[in-house]
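The structure file input_27.cif is reproduced below (mmCIF, C-alpha atoms).
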```cif
data_model
loop_
_atom_site.group_PDB
_atom_site.id
_atom_site.type_symbol
_atom_site.label_atom_id
_atom_site.label_comp_id
_atom_site.auth_asym_id
_atom_site.auth_seq_id
_atom_site.Cartn_x
_atom_site.Cartn_y
_atom_site.Cartn_z
ATOM 1 C CA MET A 832 146.836 55.580 82.680
ATOM 2 C CA ILE A 833 148.154 58.992 81.611
ATOM 3 C CA LYS A 834 151.432 59.857 79.924
ATOM 4 C CA SER A 835 154.301 61.671 81.608
ATOM 5 C CA LYS A 836 153.444 64.893 79.794
ATOM 6 C CA GLY A 837 150.053 64.801 81.494
ATOM 7 C CA VAL A 838 151.742 64.952 84.919
ATOM 8 C CA VAL A 839 153.701 68.079 84.117
ATOM 9 C CA ARG A 840 150.799 69.712 82.296
ATOM 10 C CA ARG A 841 148.030 68.993 84.783
ATOM 11 C CA PHE A 842 149.838 68.944 88.124
ATOM 12 C CA TRP A 843 153.164 70.761 87.948
ATOM 13 C CA LYS A 844 151.853 73.700 85.939
ATOM 14 C CA LYS A 845 148.836 73.994 88.217
ATOM 15 C CA LYS A 846 151.071 74.324 91.268
ATOM 16 C CA LEU A 847 153.474 76.804 89.724
ATOM 17 C CA ASP A 848 150.620 78.926 88.372
ATOM 18 C CA LYS A 849 149.517 79.288 92.003
ATOM 19 C CA ASN A 850 152.960 80.668 92.910
ATOM 20 C CA GLU A 851 153.954 77.462 94.743
ATOM 21 C CA ASN A 852 156.734 74.907 94.658
ATOM 22 C CA VAL A 853 156.307 71.319 93.545
ATOM 23 C CA ILE A 854 157.854 68.675 95.828
ATOM 24 C CA GLY A 855 157.709 65.074 94.663
ATOM 25 C CA VAL A 856 159.223 61.705 95.505
ATOM 26 C CA MET A 857 160.040 58.824 93.192
ATOM 27 C CA ILE A 858 160.050 55.555 95.144
ATOM 28 C CA GLY A 859 160.770 51.937 94.216
ATOM 29 C CA GLY A 860 163.352 49.189 94.300
ATOM 30 C CA THR A 861 166.919 49.334 93.018
ATOM 31 C CA GLY A 862 167.039 49.270 89.212
ATOM 32 C CA SER A 863 163.288 49.766 88.896
ATOM 33 C CA GLY A 864 163.632 52.883 86.739
ATOM 34 C CA LYS A 865 163.410 55.683 89.327
ATOM 35 C CA SER A 866 166.307 57.761 88.038
ATOM 36 C CA TYR A 867 165.430 57.733 84.354
ATOM 37 C CA SER A 868 161.752 58.359 85.149
ATOM 38 C CA CYS A 869 162.687 61.500 87.105
ATOM 39 C CA ILE A 870 164.888 62.687 84.240
ATOM 40 C CA ARG A 871 162.122 62.036 81.709
ATOM 41 C CA LEU A 872 159.549 64.003 83.710
ATOM 42 C CA ALA A 873 162.010 66.882 84.006
ATOM 43 C CA THR A 874 162.763 66.723 80.266
ATOM 44 C CA ASP A 875 159.054 66.826 79.390
ATOM 45 C CA TRP A 876 158.657 69.873 81.619
ATOM 46 C CA VAL A 877 161.626 71.702 80.096
ATOM 47 C CA LEU A 878 160.404 71.015 76.562
ATOM 48 C CA LYS A 879 156.959 72.310 77.508
ATOM 49 C CA ASN A 880 158.418 75.528 78.916
ATOM 50 C CA LYS A 881 160.731 76.024 75.927
ATOM 51 C CA LYS A 882 163.688 78.148 77.071
ATOM 52 C CA LYS A 883 162.403 79.100 80.506
ATOM 53 C CA SER A 884 163.484 76.115 82.634
ATOM 54 C CA ARG A 885 166.637 74.148 83.474
ATOM 55 C CA ILE A 886 167.320 70.754 85.044
ATOM 56 C CA TRP A 887 169.759 70.288 87.924
ATOM 57 C CA ILE A 888 170.812 66.714 88.804
ATOM 58 C CA ILE A 889 172.600 66.473 92.160
ATOM 59 C CA PHE A 890 173.916 63.647 94.361
ATOM 60 C CA THR A 891 174.760 65.274 97.718
ATOM 61 C CA HIS A 892 173.207 67.571 100.275
ATOM 62 C CA ASN A 893 175.999 70.131 99.836
ATOM 63 C CA GLU A 894 175.202 70.405 96.130
ATOM 64 C CA LEU A 895 171.561 71.044 97.020
ATOM 65 C CA LEU A 896 172.430 73.777 99.505
ATOM 66 C CA LYS A 897 174.733 75.473 97.000
ATOM 67 C CA LEU A 898 171.860 75.620 94.523
ATOM 68 C CA LEU A 899 169.405 76.940 97.096
ATOM 69 C CA LEU A 900 171.818 79.471 98.578
ATOM 70 C CA GLN A 901 172.909 80.561 95.089
ATOM 71 C CA GLU A 902 176.513 81.049 96.227
ATOM 72 C CA GLU A 903 178.500 78.844 93.846
ATOM 73 C CA ALA A 904 175.983 78.146 91.068
ATOM 74 C CA PRO A 905 173.706 80.055 88.690
ATOM 75 C CA ASP A 906 170.332 81.041 90.120
ATOM 76 C CA VAL A 907 167.665 78.387 90.440
ATOM 77 C CA LYS A 908 164.796 80.175 88.748
ATOM 78 C CA LYS A 909 161.055 79.716 88.515
ATOM 79 C CA GLY A 910 160.177 76.503 86.720
ATOM 80 C CA ASP A 911 163.595 74.835 87.191
ATOM 81 C CA VAL A 912 163.730 71.161 88.209
ATOM 82 C CA ILE A 913 166.113 69.862 90.887
ATOM 83 C CA ILE A 914 166.532 66.070 90.949
ATOM 84 C CA TYR A 915 168.178 64.718 94.102
ATOM 85 C CA GLU A 916 169.655 61.365 93.036
ATOM 86 C CA GLU A 917 170.620 58.496 95.366
ATOM 87 C CA MET A 918 169.197 60.397 98.320
ATOM 88 C CA GLU A 919 168.995 57.298 100.513
ATOM 89 C CA ILE A 920 172.780 56.785 100.171
ATOM 90 C CA SER A 921 174.040 60.310 100.812
ATOM 91 C CA ALA A 922 171.692 60.643 103.787
ATOM 92 C CA ASP A 923 172.380 57.259 105.403
ATOM 93 C CA ASN A 924 172.009 58.058 109.100
ATOM 94 C CA ARG A 925 169.362 59.643 111.330
ATOM 95 C CA LYS A 926 171.393 62.754 112.102
ATOM 96 C CA TYR A 927 171.776 63.453 108.392
ATOM 97 C CA TRP A 928 168.116 62.692 107.713
ATOM 98 C CA SER A 929 167.173 65.275 110.328
ATOM 99 C CA LEU A 930 169.098 67.811 108.262
ATOM 100 C CA MET A 931 167.384 66.607 105.083
ATOM 101 C CA ASN A 932 163.949 66.979 106.677
ATOM 102 C CA GLU A 933 164.815 70.540 107.661
ATOM 103 C CA THR A 934 165.821 71.175 104.047
ATOM 104 C CA ILE A 935 162.457 69.898 102.786
ATOM 105 C CA ARG A 936 160.729 72.300 105.173
ATOM 106 C CA TYR A 937 162.906 75.086 103.840
ATOM 107 C CA VAL A 938 162.097 74.204 100.222
ATOM 108 C CA SER A 939 158.366 74.039 100.976
ATOM 109 C CA ASN A 940 158.001 77.165 103.091
ATOM 110 C CA ILE A 941 160.821 79.668 102.749
ATOM 111 C CA CYS A 942 161.534 78.930 99.078
ATOM 112 C CA ARG A 943 157.885 78.958 98.016
ATOM 113 C CA ASN A 944 158.366 82.146 96.015
ATOM 114 C CA ARG A 945 161.177 80.483 94.021
ATOM 115 C CA ASN A 946 158.591 78.235 92.298
ATOM 116 C CA PHE A 947 160.804 75.301 91.314
ATOM 117 C CA ILE A 948 160.212 71.539 91.147
ATOM 118 C CA PHE A 949 162.103 69.359 93.652
ATOM 119 C CA LEU A 950 162.197 65.601 92.970
ATOM 120 C CA MET A 951 163.685 63.135 95.465
ATOM 121 C CA ASN A 952 164.786 59.620 94.520
ATOM 122 C CA LEU A 953 164.052 57.261 97.449
ATOM 123 C CA PRO A 954 163.537 53.526 98.012
ATOM 124 C CA VAL A 955 160.636 54.076 100.445
ATOM 125 C CA LEU A 956 158.637 57.112 101.529
ATOM 126 C CA ALA A 957 158.983 56.117 105.199
ATOM 127 C CA HIS A 958 162.526 57.556 105.208
ATOM 128 C CA VAL A 959 160.950 61.014 105.335
ATOM 129 C CA ASP A 960 159.618 62.067 108.759
ATOM 130 C CA LYS A 961 155.838 61.948 109.194
ATOM 131 C CA GLU A 962 155.464 65.670 109.859
ATOM 132 C CA VAL A 963 157.425 66.452 106.706
ATOM 133 C CA ARG A 964 155.405 64.132 104.438
ATOM 134 C CA SER A 965 152.506 66.586 104.533
ATOM 135 C CA LEU A 966 154.761 69.026 102.642
ATOM 136 C CA ILE A 967 155.223 66.598 99.725
ATOM 137 C CA HIS A 968 152.779 67.170 96.894
ATOM 138 C CA MET A 969 153.001 63.928 94.925
ATOM 139 C CA SER A 970 154.559 60.483 94.839
ATOM 140 C CA LEU A 971 155.360 58.134 91.981
ATOM 141 C CA GLU A 972 156.103 54.478 92.631
ATOM 142 C CA THR A 973 157.732 52.360 89.939
ATOM 143 C CA VAL A 974 155.636 49.290 89.149
ATOM 144 C CA THR A 975 156.783 47.729 85.865
ATOM 145 C CA LYS A 976 159.550 48.297 83.337
ATOM 146 C CA HIS A 977 158.601 47.412 79.770
ATOM 147 C CA MET A 978 162.050 46.803 78.322
ATOM 148 C CA GLU A 979 161.051 46.474 74.664
ATOM 149 C CA GLU A 980 158.907 49.610 74.672
ATOM 150 C CA ARG A 981 161.426 51.389 76.954
ATOM 151 C CA VAL A 982 158.616 52.580 79.199
ATOM 152 C CA CYS A 983 158.313 52.597 82.995
ATOM 153 C CA GLU A 984 154.863 52.325 84.505
ATOM 154 C CA CYS A 985 154.398 54.108 87.843
ATOM 155 C CA LYS A 986 151.633 54.495 90.390
ATOM 156 C CA PHE A 987 150.785 58.173 90.696
ATOM 157 C CA LYS A 988 149.342 59.733 93.861
ATOM 158 C CA VAL A 989 148.854 63.246 95.171
ATOM 159 C CA ASN A 990 148.950 64.260 98.808
ATOM 160 C CA SER A 991 145.692 65.068 100.569
ATOM 161 C CA VAL A 992 146.260 66.793 103.931
ATOM 162 C CA ASN A 993 143.754 67.169 106.757
ATOM 163 C CA TYR A 994 144.899 70.475 108.256
ATOM 164 C CA GLU A 995 142.811 69.959 111.408
ATOM 165 C CA SER A 996 144.242 66.585 112.410
ATOM 166 C CA GLY A 997 147.581 66.995 110.641
ATOM 167 C CA LYS A 998 147.192 63.630 108.927
ATOM 168 C CA ASN A 999 147.959 63.203 105.257
ATOM 169 C CA TYR A 1000 146.911 60.597 102.713
ATOM 170 C CA PHE A 1001 148.371 59.860 99.288
ATOM 171 C CA ILE A 1002 145.429 59.276 96.956
ATOM 172 C CA TYR A 1003 144.948 58.584 93.262
ATOM 173 C CA PRO A 1004 143.974 61.907 91.652
ATOM 174 C CA PRO A 1005 140.894 62.319 89.442
ATOM 175 C CA VAL A 1006 141.532 63.026 85.766
ATOM 176 C CA TYR A 1007 138.941 64.172 83.239
ATOM 177 C CA VAL A 1008 138.871 61.900 80.178
ATOM 178 C CA HIS A 1009 137.430 63.799 77.231
ATOM 179 C CA SER A 1010 136.592 60.666 75.238
ATOM 180 C CA LEU A 1011 134.482 59.365 78.143
ATOM 181 C CA ARG A 1012 133.279 62.809 79.228
ATOM 182 C CA GLU A 1013 133.780 61.906 82.853
ATOM 183 C CA TRP A 1014 136.254 62.011 85.706
ATOM 184 C CA VAL A 1015 138.213 58.814 86.462
ATOM 185 C CA LYS A 1016 140.947 57.926 88.934
ATOM 186 C CA CYS A 1017 144.446 58.166 87.514
ATOM 187 C CA LEU A 1018 146.055 54.971 88.788
ATOM 188 C CA THR A 1019 149.295 54.871 86.791
ATOM 189 C CA VAL A 1020 151.540 57.056 84.674
ATOM 190 C CA SER A 1021 153.436 55.814 81.627
ATOM 191 C CA ILE A 1022 156.928 57.354 81.558
ATOM 192 C CA PRO A 1023 159.097 56.735 78.459
ATOM 193 C CA HIS A 1024 162.870 56.373 78.503
ATOM 194 C CA PRO A 1025 164.558 59.815 78.516
ATOM 195 C CA PRO A 1026 166.474 61.028 75.436
ATOM 196 C CA ASP A 1027 170.206 60.318 75.261
ATOM 197 C CA VAL A 1028 171.000 64.036 74.936
ATOM 198 C CA LEU A 1029 169.676 66.201 77.761
ATOM 199 C CA SER A 1030 168.911 69.793 76.881
ATOM 200 C CA ARG A 1031 169.249 72.668 79.370
ATOM 201 C CA CYS A 1032 170.618 70.346 82.064
ATOM 202 C CA ASN A 1033 173.802 70.508 84.145
ATOM 203 C CA VAL A 1034 174.443 66.991 82.787
ATOM 204 C CA ASN A 1035 174.375 67.083 78.983
ATOM 205 C CA SER A 1036 173.720 63.388 78.299
ATOM 206 C CA LEU A 1037 172.667 60.113 79.875
ATOM 207 C CA SER A 1038 176.179 58.731 79.381
ATOM 208 C CA LYS A 1039 177.590 61.673 81.349
ATOM 209 C CA TYR A 1040 174.969 61.096 84.028
ATOM 210 C CA GLU A 1041 176.061 57.451 84.306
ATOM 211 C CA GLU A 1042 179.698 58.592 84.667
ATOM 212 C CA MET A 1043 178.736 60.986 87.482
ATOM 213 C CA LYS A 1044 176.703 58.268 89.170
ATOM 214 C CA GLU A 1045 179.614 55.820 88.944
ATOM 215 C CA GLU A 1046 181.996 58.407 90.434
ATOM 216 C CA PHE A 1047 179.546 58.990 93.267
ATOM 217 C CA ASN A 1048 179.224 55.241 93.871
ATOM 218 C CA GLN A 1049 183.011 54.838 93.903
ATOM 219 C CA ARG A 1050 183.269 57.546 96.585
ATOM 220 C CA ILE A 1051 180.655 55.681 98.623
ATOM 221 C CA TYR A 1052 182.522 52.363 98.171
ATOM 222 C CA SER A 1053 185.798 54.013 99.201
ATOM 223 C CA ASP A 1054 184.179 55.501 102.304
ATOM 224 C CA LEU A 1055 182.653 52.134 103.213
ATOM 225 C CA TYR A 1056 186.057 50.458 102.753
ATOM 226 C CA GLN A 1057 187.753 52.926 105.086
ATOM 227 C CA ARG A 1058 184.981 52.515 107.680
ATOM 228 C CA SER A 1059 185.279 48.740 107.340
ATOM 229 C CA LYS A 1060 189.019 48.903 108.039
ATOM 230 C CA VAL A 1061 188.403 50.945 111.185
ATOM 231 C CA MET A 1062 185.719 48.502 112.350
ATOM 232 C CA GLN A 1063 188.021 45.543 111.657
ATOM 233 C CA LYS A 1064 190.785 47.193 113.650
ATOM 234 C CA GLU A 1065 188.381 47.757 116.552
ATOM 235 C CA SER A 1066 187.265 44.138 116.284
ATOM 236 C CA ASP A 1067 190.871 42.965 116.368
ATOM 237 C CA LYS A 1068 191.435 45.007 119.509
ATOM 238 C CA LYS A 1069 188.432 43.416 121.227
ATOM 239 C CA SER A 1070 189.578 39.874 120.369
ATOM 240 C CA PHE A 1071 193.192 40.594 121.281
ATOM 241 C CA ASP A 1072 195.060 37.718 123.037
ATOM 242 C CA MET A 1073 196.551 39.462 126.073
ATOM 243 C CA ASP A 1074 198.219 36.343 127.532
ATOM 244 C CA GLY A 1075 199.855 35.504 124.221
ATOM 245 C CA ALA A 1076 201.191 39.045 123.887
ATOM 246 C CA VAL A 1077 202.630 38.962 127.407
ATOM 247 C CA SER A 1078 204.481 35.721 126.651
ATOM 248 C CA GLU A 1079 205.777 37.067 123.341
ATOM 249 C CA ILE A 1080 207.069 40.307 124.878
ATOM 250 C CA ILE A 1081 208.800 38.417 127.713
ATOM 251 C CA LYS A 1082 210.381 36.111 125.138
ATOM 252 C CA ASN A 1083 211.742 39.171 123.295
ATOM 253 C CA ARG A 1084 212.588 41.122 126.420
ATOM 254 C CA ASP A 1085 215.699 42.791 124.976
ATOM 255 C CA GLU A 1086 213.596 44.521 122.293
ATOM 256 C CA TYR A 1087 210.921 45.881 124.641
ATOM 257 C CA VAL A 1088 212.806 46.730 127.863
ATOM 258 C CA TYR A 1089 214.956 49.817 128.240
ATOM 259 C CA LYS A 1090 216.780 51.482 131.159
ATOM 260 C CA HIS A 1091 215.647 54.803 132.612
ATOM 261 C CA GLY A 1092 216.694 56.368 135.927
ATOM 262 C CA GLY A 1093 218.014 53.125 137.277
ATOM 263 C CA ARG A 1094 214.864 51.198 136.325
ATOM 264 C CA SER A 1095 214.046 48.704 133.600
ATOM 265 C CA ILE A 1096 210.841 49.780 131.809
ATOM 266 C CA VAL A 1097 208.740 48.143 129.102
ATOM 267 C CA ASP A 1098 208.365 50.403 126.056
ATOM 268 C CA LYS A 1099 204.613 51.152 125.769
ATOM 269 C CA SER A 1100 204.966 53.015 122.447
ATOM 270 C CA LEU A 1101 206.545 49.917 120.892
ATOM 271 C CA ILE A 1102 203.607 47.823 122.085
ATOM 272 C CA VAL A 1103 201.146 50.233 120.420
ATOM 273 C CA GLU A 1104 203.211 50.104 117.235
ATOM 274 C CA ARG A 1105 203.371 46.304 117.028
ATOM 275 C CA TYR A 1106 200.027 45.213 118.498
ATOM 276 C CA PRO A 1107 196.408 46.151 117.622
ATOM 277 C CA VAL A 1108 195.801 47.928 120.925
ATOM 278 C CA GLY A 1109 195.072 51.476 122.021
ATOM 279 C CA SER A 1110 196.897 53.465 124.656
ATOM 280 C CA ARG A 1111 194.811 52.152 127.570
ATOM 281 C CA LYS A 1112 195.178 48.467 126.691
ATOM 282 C CA ALA A 1113 198.896 48.966 125.932
ATOM 283 C CA ARG A 1114 199.335 50.381 129.443
ATOM 284 C CA ARG A 1115 197.644 47.321 130.950
ATOM 285 C CA LEU A 1116 199.860 45.044 128.855
ATOM 286 C CA LYS A 1117 202.955 46.966 129.904
ATOM 287 C CA LYS A 1118 202.080 46.632 133.609
ATOM 288 C CA ARG A 1119 201.450 42.889 133.278
ATOM 289 C CA VAL A 1120 204.790 42.285 131.583
ATOM 290 C CA GLU A 1121 206.584 44.370 134.188
ATOM 291 C CA ARG A 1122 204.942 42.394 137.020
ATOM 292 C CA GLU A 1123 205.956 39.116 135.358
ATOM 293 C CA LEU A 1124 209.535 40.326 134.952
ATOM 294 C CA LYS A 1125 209.544 42.014 138.387
ATOM 295 C CA ILE A 1126 210.854 45.262 136.938
ATOM 296 C CA ASN A 1127 209.918 48.958 137.231
ATOM 297 C CA MET A 1128 208.904 48.466 140.871
ATOM 298 C CA TYR A 1129 208.905 51.203 143.518
ATOM 299 C CA ALA A 1130 212.569 50.558 144.368
ATOM 300 C CA PRO A 1131 215.228 50.450 141.643
ATOM 301 C CA GLU A 1132 216.413 47.022 140.601
ATOM 302 C CA LYS A 1133 219.492 45.720 142.348
ATOM 303 C CA GLU A 1134 222.346 44.725 140.134
ATOM 304 C CA SER A 1135 223.029 41.003 140.372
ATOM 305 C CA ASP A 1136 226.436 39.729 141.438
ATOM 306 C CA ASP A 1137 226.703 38.102 138.037
#
```
Turn this file's structure into structure tokens for me.
Amino acid sequence: MIKSKGVVRRFWKKKLDKNENVIGVMIGGTGSGKSYSCIRLATDWVLKNKKKSRIWIIFTHNELLKLLLQEEAPDVKKGDVIIYEEMEISADNRKYWSLMNETIRYVSNICRNRNFIFLMNLPVLAHVDKEVRSLIHMSLETVTKHMEERVCECKFKVNSVNYESGKNYFIYPPVYVHSLREWVKCLTVSIPHPPDVLSRCNVNSLSKYEEMKEEFNQRIYSDLYQRSKVMQKESDKKSFDMDGAVSEIIKNRDEYVYKHGGRSIVDKSLIVERYPVGSRKARRLKKRVERELKINMYAPEKESDD
């Protein structure tokens, strides 16, 4: 096991010294410590680089693009860390994931000279397309949270790519242990709880981060609620009792039938207003009621002798 500072010293610095980006994923279950582990790694890196680096915590794809395009935010400079939080929520469909995969390609290839660290918070690595996984440099998987010590233990792997076959494998990296004077596999990384105050970060504290996360979650809940209402309305339309509606409209004929050009016509707009139906189903309902009442036929209705 190595400490979190070892990751930034031995792997991040090595990549940036070669004029490259660092792209990493933090994977694991909900509440397993992914978010705070990412923040701690970024904090260790910033402290190592003194005043050279900044941390950017984002929750949406638009925020990421603004940082990369440098239109509405300060420049993302060499050595900065971008943490994409709750990525699996903001990119919750295949069309959006296609856009995210294109962004990862952009970060890896076009933005290589920007030399920043990009960390993605995901439940599983499989959400990223296979051809894009070869562009990811490392993965950390949360294993155990030690609550008393406030430490999260993570599996640590680096990406090994076969450039002939295109296949990639995440393997445990070798680490030289001076006390043993030999190379050993680094199986896990010990990542402490991040400090409450975050220096050189767009979020100045963990409490502020939790507020931002709660606001983001509330927006997601609100969106889900609105989508649920639409789905419920569609469901109501599908289970609509046409025969019952016909009987009810006939019973209240005076409210629904009006005169126009010598004809009695059922008001379709009133049907749409009062029943969970769209325009097409309201037209069918209107025609059925008119057939039952024998109105709005090809010839105008004859006035009764009464």
Tell me which protein, DNA and RNA residues are within 12 Å of His977 of chain A, counting all atoms listed in the file, leaving out same-chain ones fewer than 3 positions away, and put them as a list in words.
->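 Residues meeting the cut-off are Ser863, Gly864, Thr973, Val974, Glu980, Arg981, Val982, Cys983, Glu984, Cys985, Ser1021, Ile1022, Pro1023 and His1024 of chain A.
Atom CA of Ile889 of chain A sits 29.1 Å away from atom CA of Leu1018 of chain A.
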Check the smallest atom-to-atom distance from each of A:Trp876, A:Phe842, A:Tyr1089, A:Phe1071 to Pro1107 of chain A using only C-alpha atoms, then report the winner.
-> A:Phe1071
Could you give me, as a list in words, the residues that have an atom at most 10 Å away from the point (151.7, 58.5, 85.1) in the coordinates of the file, using all atoms listed in the file?
-> Met832, Ile833, Lys834, Ser835, Lys836, Gly837, Val838, Val839, Leu872, Leu971, Glu972, Thr973, Cys983, Glu984, Cys985, Lys986, Phe987, Lys988, Cys1017, Leu1018, Thr1019, Val1020, Ser1021 and Ile1022 of chain A
So what does the PyMOL selection byres ((chain A and resi 946) around 12) actually pick up in this one, as JSON, numbers by chain?
-> {"A": [843, 844, 845, 846, 847, 848, 849, 850, 851, 852, 853, 854, 884, 899, 907, 908, 909, 910, 911, 912, 913, 938, 939, 940, 941, 942, 943, 944, 945, 947, 948, 949]}
Interatomic distance between atom CA of Arg871 of chain A and atom CA of Glu962 of chain A?
-> 29.2 Å
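Interatomic distance, atom CA of Arg841 of chain A against atom CA of Asn932 of chain A: 27.1 Å.
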Counting all atoms listed in the file, the residue of A:Asp1027, A:His1009, A:Leu896, A:Ser996 that sits nearest Tyr1040 of chain A =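 Checking each candidate against Tyr1040 of chain A, we get A:Asp1027 as the closest.
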For segment 954-957 of chain A, list every protein, DNA or RNA residue within 9 Å, evaluated using only C-alpha atoms, and leave out those in the same chain fewer than 3 positions away; present the list as an MDAnalysis selection string.
-> chainID A and resid 856:861 865 918:919 960:961 964 970
Hits from the PyMOL selection byres ((chain A and resi 890-893) around 7), listed as a PyMOL selection string | chain A and resi 889+894-897+915-918+921
Let me know the residues the PyMOL selection byres ((chain A and resi 1096-1101) around 12) catches in the file above, as JSON, numbers by chain.
-> {"A": [1077, 1080, 1081, 1083, 1084, 1085, 1086, 1087, 1088, 1089, 1090, 1091, 1092, 1093, 1094, 1095, 1102, 1103, 1104, 1105, 1106, 1107, 1108, 1109, 1110, 1111, 1112, 1113, 1114, 1115, 1116, 1117, 1118, 1119, 1120, 1121, 1122, 1123, 1124, 1125, 1126, 1127, 1128, 1129, 1131, 1132]}
Output as a compact mmCIF listing (two decimals), in the coordinates of the input: segment 863-874 of chain A, completed with N, CA and C atoms.
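Resulting contents of rebuild.txt:
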```
# COMPACT_ATOMS: atom_id res chain seq x y z
N SER A 863 164.68 49.82 89.36
CA SER A 863 163.29 49.77 88.90
C SER A 863 162.94 50.90 87.93
N GLY A 864 163.88 51.81 87.70
CA GLY A 864 163.63 52.88 86.74
C GLY A 864 163.37 54.24 87.35
N LYS A 865 163.69 54.41 88.64
CA LYS A 865 163.41 55.68 89.33
C LYS A 865 164.17 56.85 88.70
N SER A 866 165.47 56.65 88.50
CA SER A 866 166.31 57.76 88.04
C SER A 866 165.90 58.25 86.65
N TYR A 867 165.77 57.34 85.72
CA TYR A 867 165.43 57.73 84.35
C TYR A 867 164.01 58.29 84.28
N SER A 868 163.11 57.82 85.13
CA SER A 868 161.75 58.36 85.15
C SER A 868 161.76 59.81 85.62
N CYS A 869 162.56 60.11 86.65
CA CYS A 869 162.69 61.50 87.10
C CYS A 869 163.24 62.39 85.99
N ILE A 870 164.27 61.90 85.31
CA ILE A 870 164.89 62.69 84.24
C ILE A 870 163.90 62.91 83.11
N ARG A 871 163.09 61.89 82.79
CA ARG A 871 162.12 62.04 81.71
C ARG A 871 161.04 63.06 82.07
N LEU A 872 160.54 63.01 83.28
CA LEU A 872 159.55 64.00 83.71
C LEU A 872 160.12 65.41 83.61
N ALA A 873 161.37 65.57 84.07
CA ALA A 873 162.01 66.88 84.01
C ALA A 873 162.20 67.33 82.56
N THR A 874 162.57 66.39 81.69
CA THR A 874 162.76 66.72 80.27
C THR A 874 161.45 67.15 79.63
```
